[in-house]
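Reviewing the structure listed below.
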Amino acid sequence: MKFTRDWLFSHLETDRPLAEILDVLPTLGLEVESVVDRAQTLAPFIIAEVISAEQHPNADKLRVCMVNIGQDAPVQVVCGAPNARAGMKGVFAPVGAYVPGIDLTLKTGEIRGELSNGMLCSEREMQLSDEHDGIIDLAADAPVGEAFAAYAGLDDPVIEIAITPNRADCLGVRGVARDLAAAGYGRLKALDTSPLQGSFESPISWELNLKPEQAHLCPLVSGRAFTGLRNGASPVWMANRLTAIGQRPISALVDITNYIMIDLGRPLHAYDIDKIEGGKLIIGPAKAGQTMTALNEKTYELDEDMLVIGDLNGPDDLAGIMGGERSGVSDATDKMFLEIAVFDQVAVAATGRKLNIHSDARFRFERGLDVTSPEWASGYVARMVLEICGGQASHVVTAGDGAKWQREIFLAVDKVERLTGMQVLPARQQAILESLGFTVRDAASGWQVSPPPWRGDIDGAADLVEEISRIFGFGHLPMTHLPRENVVAQPAVNAEQARPLRLRRALAERGLTEAVTFSFLAEKEAAIFGGGGASLKLVNPISADLSIMRPSVLPNLLSAAARNQDRGEADVALFEIGPIFLGDEPDQQRTAVAAIRHGAMAPREWHGSRRMVDLFDAKADAEVTLAVLGVRRASLQVEAGGPDYFHPGRSGRLLQGRTLLAQFGEFHPQIAAHFGLRSALVGFELYLEDVPLAKSKGPARAYLKMSPFQPVSRDFAFILAEDVAASQLLRAVKSAAGPLVSDVQLFDVYQGKNIADGQKSLAVTITLTPQKATLSEAEIDAMSDAVIAAASKNCGAVLRG
């Protein structure tokens with residue numbers, strides 16, 4: 001939102017300097033983004049008169065000008081502008097001046113042998129416009145020697161503020177002035193919003209082509225016809241203000257509508273009456289397939305969800321967004337119909353988004369306007385039109401019953417103190433609200449407060465507290481130190497909050513890179529990974545490919561891997577910790593930990609040892625993750641199988657008892673093909689909520705006991721049925737080996753020659769670490785017999801001969 005200092009002061013009577021106003025605006029919630037004072041930039045530029053302009057003796061396209069700058073002696077300037085001539089008045093930049101349009105500081109110099117002591121400037125060189133065909137040609141009565149900025153009205157600083165979405169009332173200069181007046185920085189000037197009685201009946205009427213359930217799309221619209229208009233250039237003061245904020249002056253009628261939009265935050269639209277067919281304007285939904293050409297000269301295809309205004313020839317106005325080219329005013333317009341309407345915020349936003357049209361009108365309509373403005377603004381705007389363009393105004397024609405905006409909110413006297421800690425006297429609270437346009441009436445232990453029609457963002461007592469607080473000043477918030485209940489500082493996070501932090505470090509140590517992806521994805525991919533329910537579809541997705549909440553983190557990681565592969569990085573290892581959604585109930589949102597690996601485990605090296613990833617890499621990642629979460633690896637059971645998106649014969653599950661903790665494996669070839677991934681592809685996923693918090697029993701790690709005795713290792717090779725899991729055998733032999741066992745490892749799996757069909761050979765090594773004495777042969781043999789017996793009993797295994 002841009003405006004100038006003088007524009008603000010046209011609504012605010014104040015003796016405060018601009019610096020103080022700029023300091024207080026952010027405390028009111030209106031952040032100042034920039035202040036541009038062109039008078040400072042253009043301070044060296046003065047008005048000068050060309051006394052003579054002679055042909056340069058050494059250049060056909062240059063002139064040697066003698067310039068009167070209001071001092072005793074004229075200055076010689078070499079100029080190449082075709083319009084440079086004796087007697088004209090222009091803008092002179094002396095030696096030492098910085099010329100912003102060409103990024104140059106002027107110096108005395110010679111041009112083709114002639115001395116030049118300055119410069120006669122064009123508009124582009126002063127960054128006033130793109131015009132550069134000649135130097136600026138001022139009026140004959142321009143005062144020589146005076147500052148050009150003041151003469152041209154460029155000494156009015158331009159202020160830009162950021163407006164939060166709830167403060168649509170401050171999208172007009174008057175709304176900003178109202179806030180400043182409420183804060184004690186001046187008095188809000190009166191605005192003449194009295195009705196203007198017309199002198200004739202309007203030749204144009206309204207027709208609301210809306211069903212009862214669509215009445216909210218246009219609750220109120222007013223219009224007024226004008227005849228005998230002179231649509232010339234707008235007044236200098238109006239053109240200067242519009243130019244200062246980046247609006248190009250076009251004609252008086254167009255400039256008035258733009259000016260009112262910035263001045264009062266109230267978009268208008270002007271129609272040329274001679275271009276309206278049928279004597280009426282029709283407001284209603286468009287028909288599928290209809291088209292219209294807007295004022296930006298682009299043609300748009302419409303559908304039934306778009307609200308339009310048109311005549312018997314069809315639509316020619318996207319309601320609340322942009323008018324049409326066919327019925328717009330032109331320099332020749334002498335009869336105009338002016339529309340002031342209120343349109344539904346959601347409908348305007350939806351249409352603008354569909355058609356990808358961004359306009360100042362849409363920006364204001366979709367944030368909410370004063371719903372009574374079609375009534376009070378009509379007289380104010382009509383007086384401005386008649387004053388600038390002359391002519392006559394008709395009686396007002398309206399349609400619609402208006403929006404229901406009146407509401408009352410109870411505010412307790414002590415509510416401000418309870419919510420903010422600030423002590424604000426009751427009389428001061430009431431005065432602040434009334435200065436902002438609220439109606440306040442006494443009630444038991446408080447007030448009944450009615451927000452004004454331009455504050456649609458006020459819903460409850462907390463909003464009223466915010467209004468009082470920001471005007472009273474957040475600088476009055478009391479400084480209260482938090483109590484210190486413990487001498488020693490307590491951890492900043494609890495055990496549950498610390499788990500993701502530890503997981504990120506552990507997975508990064510395994511060579512995985514953390515990814516942060518959207519919590520939604522394409523509907524097709526959601527269905528592949530067990531999601532896609534109607535309750536999880538987004539009402540207003542940011543993209544068609546991001547239309548539903550994700551049931552798993554894995555598809556997002558696979559998409560990221562595919563993007564990396566397409567850019568030449570095929571060996572990818574990614575992980576993410578984030579939310580997934582199994583349904584729309586609160587307990588159906590889970591926190592998932594997932595990782596994928598694609599390609600090789602290590603880059604290519606000269607000795608050629610480059611292994612592709614496999615499901616055991618994913619299993620190891622899952623086991624490390626569970627270990628960080630406090631799950632002992634020895635307590636885990638592994639079983640084959642997994643969800644459909646994993647390879648049916650190369651996937652598995654990690655369980656603790658009957659509780660499923662994690663799933664891992666190689667991805668199904670169809671999944672890899674869907675994402676366009678061409679190399680080995682594995683991954684795992686688990687839910688944090690499925691892994692209980694570790695119960696704290698003493699220190700995190702057991703005391704390390706080093707044995708002084710030599711450990712003993714024995715190898716065993718067993719033959720057993722091929723459907724018996726290796727983990728089952730490892731548990732059996734570890735249990736039988738007794739308390740001295742320090743390690744059990746599987747080191748060989750064999751099927752083939754000398755092994756019967758349906759069987760396999762598993763070789764394990766068992767390490768015993770004695771604590772009190774070196775083990776004897778008899779003790780080692782006893783252990784071996786126990787291991788062989790346990791393998792036979794629990795797994796049907798026999799010792800391989």
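Residues are referred to by chain and number: the chain letter is A, B, ... according to the order shown in the structure tokens, the number counts from 1 in that chain, and ligands are numbered separately from 1 in the order shown.
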(message) Residues within 10 Å of range 657-663 of chain A, please, as a PyMOL selection string. Count only C-alpha atoms; anything in the same chain fewer than 6 positions from it doesn't count.
(response) chain A and resi 593-594+618-619+622-623+625-626+631+635-643+646+651+683-692
Saved selection, atoms kept: N, CA, C and O atoms, as a compact mmCIF listing (two decimals), in the first residue's frame:
```
# COMPACT_ATOMS: atom_id res chain seq x y z
N VAL A 593 9.14 -41.78 10.14
CA VAL A 593 10.58 -41.71 9.86
C VAL A 593 10.80 -42.63 8.67
O VAL A 593 10.49 -43.83 8.74
N ALA A 594 11.32 -42.10 7.58
CA ALA A 594 11.50 -42.89 6.36
C ALA A 594 12.81 -42.52 5.69
O ALA A 594 13.30 -41.40 5.84
N ALA A 618 18.73 -51.17 3.78
CA ALA A 618 17.52 -50.59 4.36
C ALA A 618 17.24 -51.18 5.73
O ALA A 618 16.81 -50.48 6.65
N LYS A 619 17.47 -52.50 5.88
CA LYS A 619 17.26 -53.16 7.18
C LYS A 619 18.21 -52.56 8.23
O LYS A 619 17.81 -52.27 9.36
N ALA A 622 16.96 -49.19 9.30
CA ALA A 622 15.83 -49.31 10.21
C ALA A 622 16.28 -49.74 11.60
O ALA A 622 15.79 -49.25 12.62
N GLU A 623 17.23 -50.69 11.66
CA GLU A 623 17.70 -51.16 12.97
C GLU A 623 18.43 -50.06 13.73
O GLU A 623 18.26 -49.92 14.94
N THR A 625 17.85 -46.89 13.42
CA THR A 625 16.80 -45.97 13.85
C THR A 625 16.13 -46.47 15.13
O THR A 625 15.92 -45.71 16.08
N LEU A 626 15.78 -47.75 15.15
CA LEU A 626 15.14 -48.32 16.34
C LEU A 626 16.09 -48.32 17.53
O LEU A 626 15.68 -48.10 18.68
N VAL A 631 15.27 -49.29 21.31
CA VAL A 631 14.88 -50.68 21.09
C VAL A 631 16.15 -51.53 20.95
O VAL A 631 16.97 -51.26 20.07
N SER A 635 16.12 -57.79 20.81
CA SER A 635 14.69 -58.04 21.05
C SER A 635 13.87 -58.02 19.77
O SER A 635 12.66 -58.25 19.81
N LEU A 636 14.49 -57.74 18.65
CA LEU A 636 13.76 -57.63 17.38
C LEU A 636 13.63 -58.98 16.70
O LEU A 636 14.55 -59.81 16.74
N GLN A 637 12.48 -59.20 16.10
CA GLN A 637 12.28 -60.36 15.24
C GLN A 637 12.07 -59.86 13.81
O GLN A 637 11.48 -58.80 13.60
N VAL A 638 12.56 -60.62 12.87
CA VAL A 638 12.43 -60.26 11.45
C VAL A 638 11.53 -61.26 10.78
O VAL A 638 11.70 -62.47 10.95
N GLU A 639 10.56 -60.79 10.03
CA GLU A 639 9.73 -61.69 9.24
C GLU A 639 9.62 -61.14 7.83
O GLU A 639 9.72 -59.94 7.59
N ALA A 640 9.45 -62.04 6.89
CA ALA A 640 9.37 -61.66 5.48
C ALA A 640 8.03 -60.99 5.19
O ALA A 640 7.05 -61.20 5.89
N GLY A 641 8.01 -60.23 4.11
CA GLY A 641 6.77 -59.61 3.68
C GLY A 641 6.76 -58.12 3.97
O GLY A 641 7.61 -57.59 4.68
N GLY A 642 5.80 -57.44 3.40
CA GLY A 642 5.67 -56.01 3.58
C GLY A 642 4.53 -55.48 2.74
O GLY A 642 3.80 -56.24 2.10
N PRO A 643 4.37 -54.17 2.70
CA PRO A 643 3.29 -53.58 1.89
C PRO A 643 3.52 -53.82 0.41
O PRO A 643 4.61 -54.18 -0.04
N PHE A 646 6.56 -52.60 -1.79
CA PHE A 646 7.86 -53.27 -1.70
C PHE A 646 7.84 -54.54 -2.53
O PHE A 646 6.79 -55.12 -2.79
N SER A 651 11.56 -58.03 0.95
CA SER A 651 11.11 -57.05 1.93
C SER A 651 10.86 -57.76 3.24
O SER A 651 10.73 -58.99 3.30
N GLY A 683 14.36 -48.96 0.80
CA GLY A 683 13.94 -47.97 1.79
C GLY A 683 13.28 -48.62 2.98
O GLY A 683 13.06 -49.84 3.02
N PHE A 684 12.97 -47.78 3.97
CA PHE A 684 12.23 -48.26 5.15
C PHE A 684 11.35 -47.12 5.65
O PHE A 684 11.54 -45.95 5.31
N GLU A 685 10.38 -47.49 6.48
CA GLU A 685 9.51 -46.49 7.10
C GLU A 685 9.00 -47.05 8.42
O GLU A 685 8.73 -48.25 8.55
N LEU A 686 8.90 -46.16 9.41
CA LEU A 686 8.30 -46.52 10.70
C LEU A 686 7.59 -45.30 11.25
O LEU A 686 7.81 -44.17 10.80
N TYR A 687 6.71 -45.52 12.24
CA TYR A 687 5.99 -44.45 12.89
C TYR A 687 6.52 -44.29 14.31
O TYR A 687 6.61 -45.26 15.07
N LEU A 688 6.86 -43.06 14.67
CA LEU A 688 7.42 -42.81 16.00
C LEU A 688 6.45 -43.23 17.11
O LEU A 688 6.87 -43.70 18.16
N GLU A 689 5.16 -43.04 16.85
CA GLU A 689 4.18 -43.36 17.89
C GLU A 689 4.13 -44.86 18.19
O GLU A 689 3.68 -45.26 19.27
N ASP A 690 4.58 -45.70 17.25
CA ASP A 690 4.57 -47.15 17.47
C ASP A 690 5.73 -47.62 18.33
O ASP A 690 5.73 -48.77 18.79
N VAL A 691 6.72 -46.77 18.51
CA VAL A 691 7.89 -47.14 19.30
C VAL A 691 7.78 -46.47 20.66
O VAL A 691 7.90 -45.25 20.76
N PRO A 692 7.53 -47.23 21.72
CA PRO A 692 7.35 -46.61 23.04
C PRO A 692 8.63 -45.94 23.52
O PRO A 692 9.75 -46.31 23.12
```
(message) Residues near Ile309 in chain A, anyone? I mean within 8 Å using only C-alpha atoms, not counting same-chain ones fewer than 5 positions away, as a list in words.
(response)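 Near Ile309 in chain A, the qualifying residues are Leu281, Ile282, Ile283, Gly284, Pro315, Asp316, Asp317, Leu318 and Ala319 of chain A.
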Can you spit out the residues from that selection as a PDB file, in the first residue's frame, using N, CA and C atoms?
```
ATOM      1  N   LEU A 281     -27.738  -3.364 -16.586  1.00  0.00           N
ATOM      2  CA  LEU A 281     -26.565  -4.197 -16.319  1.00  0.00           C
ATOM      3  C   LEU A 281     -27.015  -5.389 -15.481  1.00  0.00           C
ATOM      4  N   ILE A 282     -26.580  -6.571 -15.921  1.00  0.00           N
ATOM      5  CA  ILE A 282     -27.032  -7.825 -15.307  1.00  0.00           C
ATOM      6  C   ILE A 282     -25.880  -8.434 -14.526  1.00  0.00           C
ATOM      7  N   ILE A 283     -26.120  -8.728 -13.252  1.00  0.00           N
ATOM      8  CA  ILE A 283     -25.114  -9.352 -12.397  1.00  0.00           C
ATOM      9  C   ILE A 283     -25.525 -10.799 -12.145  1.00  0.00           C
ATOM     10  N   GLY A 284     -24.656 -11.725 -12.485  1.00  0.00           N
ATOM     11  CA  GLY A 284     -24.977 -13.135 -12.272  1.00  0.00           C
ATOM     12  C   GLY A 284     -23.827 -14.021 -12.697  1.00  0.00           C
ATOM     13  N   PRO A 315     -21.330 -10.836 -21.009  1.00  0.00           N
ATOM     14  CA  PRO A 315     -20.522 -10.311 -19.898  1.00  0.00           C
ATOM     15  C   PRO A 315     -19.414  -9.376 -20.385  1.00  0.00           C
ATOM     16  N   ASP A 316     -19.161  -8.335 -19.557  1.00  0.00           N
ATOM     17  CA  ASP A 316     -18.051  -7.435 -19.884  1.00  0.00           C
ATOM     18  C   ASP A 316     -17.425  -6.861 -18.613  1.00  0.00           C
ATOM     19  N   ASP A 317     -17.526  -7.632 -17.532  1.00  0.00           N
ATOM     20  CA  ASP A 317     -16.913  -7.185 -16.279  1.00  0.00           C
ATOM     21  C   ASP A 317     -16.770  -8.402 -15.365  1.00  0.00           C
ATOM     22  N   LEU A 318     -15.545  -8.720 -14.970  1.00  0.00           N
ATOM     23  CA  LEU A 318     -15.312  -9.758 -13.969  1.00  0.00           C
ATOM     24  C   LEU A 318     -15.515  -9.124 -12.612  1.00  0.00           C
ATOM     25  N   ALA A 319     -16.634  -9.454 -11.972  1.00  0.00           N
ATOM     26  CA  ALA A 319     -17.052  -8.750 -10.764  1.00  0.00           C
ATOM     27  C   ALA A 319     -15.949  -8.738  -9.707  1.00  0.00           C
TER      28      ALA A 319
END
```
(request) Calculate how many Å separate CA of Val64 in chain A from CA of Ile135 in chain A, rounding to one decimal. (result)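 According to the coordinates, CA of Val64 in chain A and CA of Ile135 in chain A are separated by 14.3 Å.
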(message) Please return, as a VMD selection string, all residues of range 433-576 of chain A that DSSP assigns to helix (DSSP H, G or I) on the basis of the backbone.
(response) chain A and resid 433 to 435 461 to 472 474 to 476 495 to 509 523 to 528 534 to 536 554 to 566
(request) Can you pull out every residue within 10 Å of Leu574 in chain A, counting only C-alpha atoms, but drop anything in the same chain fewer than 4 positions away, and send it as a list in words? (result) Leu507, Ala508, Gly511, Leu512, Thr513, Glu514, Ala515, Val516, Leu554, Leu557, Leu558, Ala560, Ala561, Ala594, Ala595, Ile596, Arg597, His598 and Gly683 of chain A
(message) Neighbouring residues of Lys734 in chain A were defined as those with any atom within 12 Å, considering only C-alpha atoms; residues of the same chain fewer than 5 positions away were excluded. Please report them as a list in words.
(response)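 The residues satisfying every condition are Ala634, Ser727, Gln728, Leu729, Pro739, Leu740, Val741, Ser742, Asp743, Val744, Gln745, Leu746, Val764, Thr765, Ile766, Thr767, Leu768, Met783, Ser784, Ala786, Val787, Ile788, Ala790 and Ala791 of chain A.
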(request) Pull the strand (DSSP E or B) assignments for range 98-247 of chain A out of DSSP run on the backbone, and list those residues as a ChimeraX atom specification. (result) /A:98-99,104-105,109-111,114-116,119-120,138,147,158-162,187-188,205-208,220-227
(request) Write out as a ChimeraX atom specification which residues come within 9 Å of Ala93 in chain A when counting only C-alpha atoms, dropping same-chain ones fewer than 5 positions away. (result) /A:44-46,98-99,106,118-121
